[in-house]
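Listing of data.txt; format and content: compact mmCIF, C-alpha atoms.
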```txt
# COMPACT_ATOMS: atom_id res chain seq x y z
CA MET S 1 105.34 119.28 112.73
CA GLU S 2 108.53 117.59 113.90
CA VAL S 3 111.72 119.55 113.18
CA SER S 4 114.63 117.46 111.90
CA GLN S 5 118.20 117.76 113.18
CA SER S 6 119.35 118.94 109.76
CA THR S 7 116.76 121.75 109.84
CA CYS S 8 117.99 122.90 113.25
CA LEU S 9 121.58 122.92 112.01
CA PHE S 10 120.52 124.91 108.96
CA LEU S 11 118.75 127.52 111.10
CA LEU S 12 121.82 127.77 113.32
CA PHE S 13 123.93 128.38 110.22
CA LEU S 14 121.56 131.16 109.10
CA LEU S 15 121.83 132.94 112.43
CA THR S 16 125.61 132.69 112.41
CA HIS S 17 126.36 133.51 108.78
CA GLY S 18 123.19 135.02 107.33
CA LEU S 19 121.47 134.16 104.07
CA PRO S 20 123.22 134.42 100.70
CA PRO S 21 121.74 137.45 98.88
CA GLU S 22 119.98 135.38 96.22
CA VAL S 23 118.38 133.10 98.80
CA ALA S 24 117.37 136.05 100.99
CA ALA S 25 115.71 137.72 98.01
CA LYS S 26 113.80 134.57 97.15
CA GLY S 27 112.67 134.21 100.75
CA GLN S 28 111.35 137.75 100.75
CA GLU S 29 109.43 137.14 97.53
CA THR S 30 107.75 133.97 98.82
CA ALA S 31 106.85 135.31 102.27
CA ASP S 32 103.39 136.46 101.20
CA GLY S 33 102.01 136.76 104.71
CA PRO S 34 102.62 135.99 108.38
CA ARG S 35 101.63 132.34 107.96
CA ALA S 36 104.07 131.76 105.10
CA ALA S 37 107.21 131.58 107.24
CA HIS S 38 108.22 129.47 110.24
CA GLU S 39 111.09 131.76 111.17
CA PRO S 40 111.65 135.51 110.91
CA VAL S 41 112.32 136.88 107.43
CA LEU S 42 115.85 138.22 107.03
CA LEU S 43 115.62 141.85 105.89
CA THR S 44 118.85 142.71 104.11
CA ASP S 45 118.18 146.26 102.93
CA VAL S 46 115.86 149.23 103.39
CA SER S 47 113.71 148.36 100.39
CA ALA S 48 113.09 144.83 101.66
CA ALA S 49 112.19 146.14 105.13
CA ALA S 50 109.78 148.74 103.76
CA GLU S 51 108.02 146.19 101.55
CA PHE S 52 107.81 143.73 104.43
CA ILE S 53 106.18 146.32 106.72
CA ALA S 54 103.76 147.50 104.04
CA ALA S 55 102.58 143.94 103.34
CA ALA S 56 101.46 143.10 106.90
CA GLU S 57 98.76 144.59 109.12
CA VAL S 58 101.11 144.02 112.05
CA ALA S 59 104.86 143.39 111.70
CA LEU S 60 107.43 142.81 114.43
CA ILE S 61 111.06 143.39 113.50
CA GLY S 62 114.10 142.61 115.61
CA PHE S 63 116.82 145.15 114.87
CA PHE S 64 119.94 143.52 116.29
CA GLN S 65 123.58 144.49 116.29
CA ASP S 66 124.49 140.99 117.47
CA LEU S 67 122.54 137.79 116.78
CA GLU S 68 124.15 136.05 119.75
CA ILE S 69 122.28 138.02 122.43
CA PRO S 70 119.52 136.16 124.39
CA ALA S 71 116.76 138.40 122.99
CA VAL S 72 117.20 136.87 119.53
CA SER S 73 116.11 133.37 120.53
CA ILE S 74 113.19 134.79 122.53
CA PHE S 75 112.16 136.82 119.50
CA GLN S 76 112.30 133.75 117.26
CA SER S 77 110.17 131.74 119.67
CA MET S 78 107.26 134.12 119.09
CA VAL S 79 106.84 133.29 115.39
CA GLN S 80 104.70 130.19 115.85
CA LYS S 81 102.80 131.68 118.78
CA TYR S 82 101.50 134.72 116.89
CA GLN S 83 100.38 133.58 113.47
CA ASP S 84 98.73 136.89 112.58
CA VAL S 85 101.95 138.87 113.03
CA ALA S 86 104.75 139.01 110.44
CA PHE S 87 108.25 138.61 111.95
CA GLY S 88 111.46 139.96 110.47
CA ILE S 89 115.07 140.39 111.57
CA SER S 90 117.68 142.85 110.35
CA THR S 91 121.31 143.47 111.25
CA ASN S 92 121.89 145.82 108.32
CA SER S 93 123.24 149.17 109.49
CA GLU S 94 121.38 151.13 106.80
CA VAL S 95 118.09 149.53 107.81
CA LEU S 96 118.65 150.33 111.48
CA THR S 97 119.54 153.94 110.66
CA HIS S 98 116.50 154.30 108.40
CA TYR S 99 114.19 153.31 111.28
CA ASN S 100 116.05 155.46 113.82
CA ILE S 101 117.42 152.45 115.72
CA THR S 102 120.57 152.63 117.81
CA GLY S 103 121.81 149.52 119.57
CA ASN S 104 119.32 146.64 119.73
CA ALA S 105 115.57 147.16 119.44
CA ILE S 106 112.35 145.29 118.81
CA SER S 107 109.81 147.36 116.89
CA LEU S 108 106.16 146.73 116.17
CA PHE S 109 104.75 148.30 113.00
CA ARG S 110 101.03 148.48 112.29
CA LEU S 111 99.13 149.76 109.28
CA VAL S 112 95.90 150.71 111.02
CA ASP S 113 97.40 153.87 112.54
CA ASN S 114 100.83 153.91 110.82
CA GLU S 115 102.75 153.59 114.08
CA GLN S 116 106.17 152.22 114.96
CA LEU S 117 106.38 151.21 118.63
CA ASP S 118 109.92 150.58 119.87
CA LEU S 119 111.38 148.55 122.69
CA ASP S 120 114.91 149.91 123.05
CA ASN S 121 118.16 148.61 124.52
CA GLU S 122 117.19 148.49 128.18
CA ASP S 123 113.96 146.58 127.57
CA VAL S 124 115.59 144.30 125.00
CA ASP S 125 118.37 143.43 127.44
CA SER S 126 115.82 142.34 130.07
CA ILE S 127 113.25 140.81 127.74
CA ASP S 128 111.74 137.39 128.41
CA ASP S 129 108.92 135.34 126.87
CA SER S 130 106.26 136.84 129.10
CA LYS S 131 107.29 140.47 128.55
CA LEU S 132 107.57 140.15 124.79
CA SER S 133 104.27 138.28 124.57
CA ARG S 134 102.62 141.04 126.57
CA PHE S 135 104.07 143.73 124.31
CA ILE S 136 102.78 141.94 121.20
CA GLU S 137 99.32 141.22 122.60
CA ILE S 138 98.74 144.78 123.80
CA ASN S 139 99.94 146.52 120.65
CA SER S 140 98.81 144.21 117.84
CA LEU S 141 96.01 146.34 116.45
CA HIS S 142 94.59 145.17 113.13
CA PHE S 143 92.10 146.66 110.72
CA VAL S 144 89.60 144.88 112.97
CA THR S 145 90.82 144.17 116.51
CA GLU S 146 88.94 141.84 118.84
CA TYR S 147 88.22 143.50 122.17
CA ASN S 148 89.53 142.03 125.41
CA PRO S 149 91.14 143.52 128.54
CA VAL S 150 94.62 143.30 126.96
CA THR S 151 93.85 144.78 123.53
CA ALA S 152 91.86 147.53 125.29
CA ILE S 153 95.17 148.94 126.54
CA GLY S 154 96.54 149.21 123.01
CA LEU S 155 93.28 150.57 121.61
CA PHE S 156 93.12 153.40 124.12
CA ASN S 157 96.83 154.13 123.71
CA SER S 158 96.50 154.63 119.96
CA LEU S 159 96.57 158.15 118.55
CA ILE S 160 93.27 157.51 116.75
CA PRO S 161 90.51 159.03 118.94
CA ILE S 162 87.43 157.32 117.49
CA HIS S 163 86.42 153.68 117.90
CA LEU S 164 83.75 151.72 116.05
CA LEU S 165 82.55 148.58 117.81
CA MET S 166 80.62 145.79 116.15
CA MET S 167 78.87 143.81 118.87
CA ILE S 168 77.86 140.41 117.59
CA SER S 169 77.83 136.75 118.56
CA LYS S 170 80.60 134.87 116.78
CA THR S 171 78.30 131.82 116.70
CA SER S 172 75.39 133.68 115.11
CA PRO S 173 74.15 132.85 111.60
CA GLY S 174 75.81 135.05 109.04
CA TYR S 175 78.70 136.00 111.33
CA VAL S 176 81.38 135.18 108.74
CA GLU S 177 79.68 137.26 106.05
CA ASN S 178 79.05 140.16 108.44
CA MET S 179 82.67 140.09 109.56
CA ASP S 180 83.92 140.08 105.97
CA ARG S 181 81.90 143.19 105.13
CA TYR S 182 83.02 144.88 108.36
CA GLN S 183 86.66 144.18 107.46
CA LYS S 184 86.20 145.79 104.06
CA ALA S 185 84.63 148.89 105.58
CA ALA S 186 87.48 149.17 108.09
CA LYS S 187 90.00 149.77 105.33
CA LEU S 188 88.00 152.78 104.14
CA PHE S 189 88.63 154.50 107.48
CA GLN S 190 92.28 153.64 107.98
CA GLY S 191 93.88 156.31 110.14
CA LYS S 192 90.49 157.79 111.11
CA ILE S 193 88.62 155.13 113.10
CA LEU S 194 89.70 151.97 114.91
CA PHE S 195 87.35 149.08 114.09
CA ILE S 196 86.71 146.68 116.97
CA LEU S 197 84.92 143.35 117.30
CA VAL S 198 83.08 142.63 120.56
CA ASP S 199 81.97 139.00 120.91
CA SER S 200 78.66 139.09 122.77
CA ASP S 201 79.08 135.43 123.76
CA ILE S 202 81.86 136.38 126.19
CA LYS S 203 80.32 137.13 129.58
CA GLU S 204 82.77 139.91 130.46
CA ASN S 205 81.83 141.80 127.28
CA GLY S 206 78.37 142.35 128.71
CA LYS S 207 79.80 145.46 130.39
CA VAL S 208 80.66 146.93 127.00
CA ILE S 209 77.22 146.16 125.61
CA SER S 210 75.43 147.65 128.62
CA TYR S 211 77.64 150.78 128.52
CA PHE S 212 76.04 151.61 125.17
CA LYS S 213 72.59 150.81 126.60
CA LEU S 214 72.12 147.83 124.31
CA ARG S 215 70.73 144.37 125.01
CA LYS S 216 71.91 141.10 123.53
CA SER S 217 68.49 140.67 121.95
CA LYS S 218 69.14 143.84 119.90
CA LEU S 219 72.41 142.60 118.40
CA PRO S 220 74.20 142.78 116.07
CA ALA S 221 74.76 146.48 116.52
CA LEU S 222 77.36 149.14 115.90
CA ALA S 223 78.54 151.65 118.48
CA ILE S 224 80.81 154.56 117.67
CA TYR S 225 82.76 156.24 120.46
CA GLN S 226 84.83 159.42 120.71
CA ILE S 227 87.52 159.16 123.42
CA SER S 228 88.04 162.84 124.21
CA ASP S 229 84.47 163.67 125.23
CA GLU S 230 83.05 160.12 125.55
CA ASP S 231 80.35 160.97 123.02
CA TRP S 232 78.82 157.92 121.32
CA ASP S 233 76.03 156.69 119.11
CA THR S 234 74.60 153.27 118.26
CA LEU S 235 73.01 151.57 115.28
CA PRO S 236 71.25 148.19 115.68
CA LEU S 237 71.48 146.16 112.47
CA ALA S 238 69.73 143.10 111.15
CA GLU S 239 72.70 142.66 108.82
CA VAL S 240 76.06 144.39 108.57
CA SER S 241 76.80 145.92 105.18
CA GLU S 242 79.74 147.96 103.97
CA GLU S 243 77.40 150.77 102.92
CA LYS S 244 75.63 150.97 106.30
CA VAL S 245 78.92 150.99 108.19
CA GLN S 246 80.33 153.71 105.94
CA SER S 247 77.20 155.85 106.23
CA PHE S 248 77.13 155.51 110.03
CA CYS S 249 80.80 156.47 110.37
CA ASP S 250 80.55 159.38 107.93
CA GLY S 251 77.51 160.69 109.77
CA PHE S 252 79.30 160.66 113.11
CA LEU S 253 82.44 162.29 111.71
CA ASN S 254 80.52 165.00 109.88
CA GLY S 255 78.28 165.61 112.88
CA LYS S 256 81.34 166.42 114.96
CA ARG S 257 82.24 169.24 112.56
CA LEU S 258 85.85 168.97 113.72
CA PRO S 259 88.27 169.06 110.77
CA THR S 260 90.95 167.23 112.74
CA LEU S 261 88.67 164.20 113.01
CA LEU S 262 88.11 164.04 109.28
CA GLN S 263 91.77 163.49 108.43
CA PRO S 264 93.82 160.31 108.94
CA VAL S 265 96.30 160.41 111.78
CA THR S 266 99.70 161.29 110.33
CA VAL S 267 102.74 162.23 112.37
CA GLU S 268 105.89 163.02 110.43
CA HIS S 269 108.51 161.90 112.93
CA HIS S 270 111.39 161.65 110.48
CA VAL S 271 112.28 164.88 108.72
CA GLY S 272 112.44 164.15 105.01
CA HIS S 273 110.67 160.78 105.39
CA PRO S 274 106.93 161.53 105.72
CA ASP S 275 106.15 158.00 104.46
CA LYS S 276 107.67 156.38 107.52
CA PRO S 277 105.57 155.39 110.55
CA ALA S 278 105.18 157.67 113.53
CA VAL S 279 107.62 156.45 116.18
CA ARG S 280 106.86 156.08 119.86
CA LYS S 281 109.10 154.59 122.51
CA CYS S 282 107.43 151.88 124.55
CA PHE S 283 108.07 150.01 127.74
CA VAL S 284 107.16 146.44 128.51
CA GLU S 285 103.82 146.37 130.29
CA PRO S 286 103.83 144.31 133.49
CA HIS S 287 101.54 141.28 133.40
CA GLU S 288 99.22 142.87 135.94
CA SER S 289 98.78 146.05 133.89
CA SER S 290 95.97 148.29 134.97
CA PRO S 291 93.25 148.85 132.37
CA PRO S 292 93.36 152.17 130.51
CA ALA S 293 92.05 155.15 132.45
CA THR S 294 89.15 155.52 130.01
CA THR S 295 87.20 152.54 128.72
CA TYR S 296 83.66 151.90 127.55
CA SER S 297 83.16 149.09 130.05
CA HIS S 298 82.90 151.16 133.24
```

What does this structure look like when you write it as structure tokens?
Amino acid sequence: MEVSQSTCLFLLFLLTHGLPPEVAAKGQETADGPRAAHEPVLLTDVSAAAEFIAAAEVALIGFFQDLEIPAVSIFQSMVQKYQDVAFGISTNSEVLTHYNITGNAISLFRLVDNEQLDLDNEDVDSIDDSKLSRFIEINSLHFVTEYNPVTAIGLFNSLIPIHLLMMISKTSPGYVENMDRYQKAAKLFQGKILFILVDSDIKENGKVISYFKLRKSKLPALAIYQISDEDWDTLPLAEVSEEKVQSFCDGFLNGKRLPTLLQPVTVEHHVGHPDKPAVRKCFVEPHESSPPATTYSH
């Protein structure tokens, strides 16, 4: 879509002066998802920020003291590139304090494990397109995350110790229906298990399939994996159903007989605010990041 000169001038005005309160409120009400906006949503108070974070599987918020710094334009350039991430900006001091931000920061919030991952002043000052893209791609974990060498870093860095992998060809008959049922099951285990999609059509994913001693002819299949002891189990399926996924996961969790695995991951970082995400400071991964020390593709 071609952007008109008047639109560019309007966006420049917004960055310089901010949105009038009534317009900002309307914008927040109509931004129903990450695809609804072509620029970051202006978050003018704590309530708006909390609702924005709760409405998106993955949200990236720029907390800026000054909208004139170079990081702001780099942040804005990511909106069109990552359509499955919701982008917001806030300069409100109460919002920054609420999320434990001092100075300038870029924070990624995700529902799947209730985490807030922060890039603080030093990283924000040196941020560029490549570094911010890398940060987003590594840490954007959804209710179902597609496996690749980049997302593997984020998956193994999550505090959730159990992974469920659905290995399936994305071109197979019934893939869309199977994926829909898998997505629904994933929400039942939020905070307990990370749900992962492994596309068997990708040659490199053959290492993952063979790790679990499966063959492509036996797919689709589920594999559940416990990071700490590398214990795992598999379940070949003719068809993925919400009930079969739930039963398989419950059986693995109960078989462990470890109470800590039966509870969602919750870390109360902010005293008096147990509803807020667990906060971890991050650094920008270099482009040539090494894979995580433990993977299921070795």

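The coordinates place atom CA of Ser47 of chain S at 27.5 Å from atom CA of Pro70 of chain S.
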
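Among the candidate residues S:Asn157, S:Ser93, S:Thr44, S:Ser241, the one lying nearest to Leu117 of chain S is S:Asn157, with distances computed using all atoms listed in the file.
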
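Atom CA of Glu230 of chain S is positioned 16.5 Å from atom CA of Leu214 of chain S.
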
Near-Arg215 of chain S list (10 Å; only C-alpha atoms; drop same-chain fewer than 5 positions) as a PyMOL selection string: chain S and resi 200+206+209-210+220-221

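Using only C-alpha atoms for every distance, the candidate list S:Ser130, S:Asn114, S:Gln246, S:Asn254 yields S:Asn114 as the residue closest to Ala54 of chain S.
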
List the neighbours of Glu242 of chain S out to 7 Å using all atoms listed in the file; skip same-chain residues closer than 3 positions along the sequence, and give me the result as a short mmCIF file (atom, residue, chain, number, x, y, z; two decimals) with C-alpha atoms, in the frame of the given file.
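Saved result, result.cif, follows:
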```cif
data_model
loop_
_atom_site.label_atom_id
_atom_site.label_comp_id
_atom_site.auth_asym_id
_atom_site.auth_seq_id
_atom_site.Cartn_x
_atom_site.Cartn_y
_atom_site.Cartn_z
CA ARG S 181 81.90 143.19 105.13
CA TYR S 182 83.02 144.88 108.36
CA LYS S 184 86.20 145.79 104.06
CA ALA S 185 84.63 148.89 105.58
CA VAL S 245 78.92 150.99 108.19
CA GLN S 246 80.33 153.71 105.94
#
```

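The list of residues with at least one atom within 10 Å of Tyr296 of chain S, based on only C-alpha atoms and without residues fewer than 4 positions apart in the same chain, reads Ala152, Lys207, Val208, Ile209, Ser210, Tyr211, Phe212, Tyr225, Ile227, Glu230 and Trp232 of chain S.
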
So that I have them on file, write out the residues from the current selection with C-alpha atoms, as a short mmCIF file (atom, residue, chain, number, x, y, z; two decimals), in the coordinates of the input.
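That gives us selection.cif:
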```
data_model
loop_
_atom_site.label_atom_id
_atom_site.label_comp_id
_atom_site.auth_asym_id
_atom_site.auth_seq_id
_atom_site.Cartn_x
_atom_site.Cartn_y
_atom_site.Cartn_z
CA ALA S 152 91.86 147.53 125.29
CA LYS S 207 79.80 145.46 130.39
CA VAL S 208 80.66 146.93 127.00
CA ILE S 209 77.22 146.16 125.61
CA SER S 210 75.43 147.65 128.62
CA TYR S 211 77.64 150.78 128.52
CA PHE S 212 76.04 151.61 125.17
CA TYR S 225 82.76 156.24 120.46
CA ILE S 227 87.52 159.16 123.42
CA GLU S 230 83.05 160.12 125.55
CA TRP S 232 78.82 157.92 121.32
#
```

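For the set S:Gln76, S:Gln116, S:Ser107, S:Ser140, the residue with the smallest atom-to-atom gap to His38 of chain S is S:Gln76, counting all atoms listed in the file.
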
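Distance annotation: of S:Asp201, S:Leu164, S:Ser172, S:Ile193, the residue with the minimal separation from Leu222 of chain S is S:Leu164; atom set is all atoms listed in the file.
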
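Counting all atoms listed in the file, the residue from S:Phe248, S:Phe189, S:Phe64, S:Tyr175 that sits nearest to Leu219 of chain S is S:Tyr175.
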
Which residue out of S:Leu96, S:Val72, S:Leu197, S:Val144 has the minimum interatomic distance to Asp125 of chain S when all atoms listed in the file are used? S:Val72

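One distance worth recording is that between atom CA of Pro149 of chain S and atom CA of Asp123 of chain S, which is 23.0 Å.
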
Using only C-alpha atoms, which residues sit within 12 Å of Ile162 of chain S once same-chain residues fewer than 2 positions away are excluded, as a count of residues only? 39
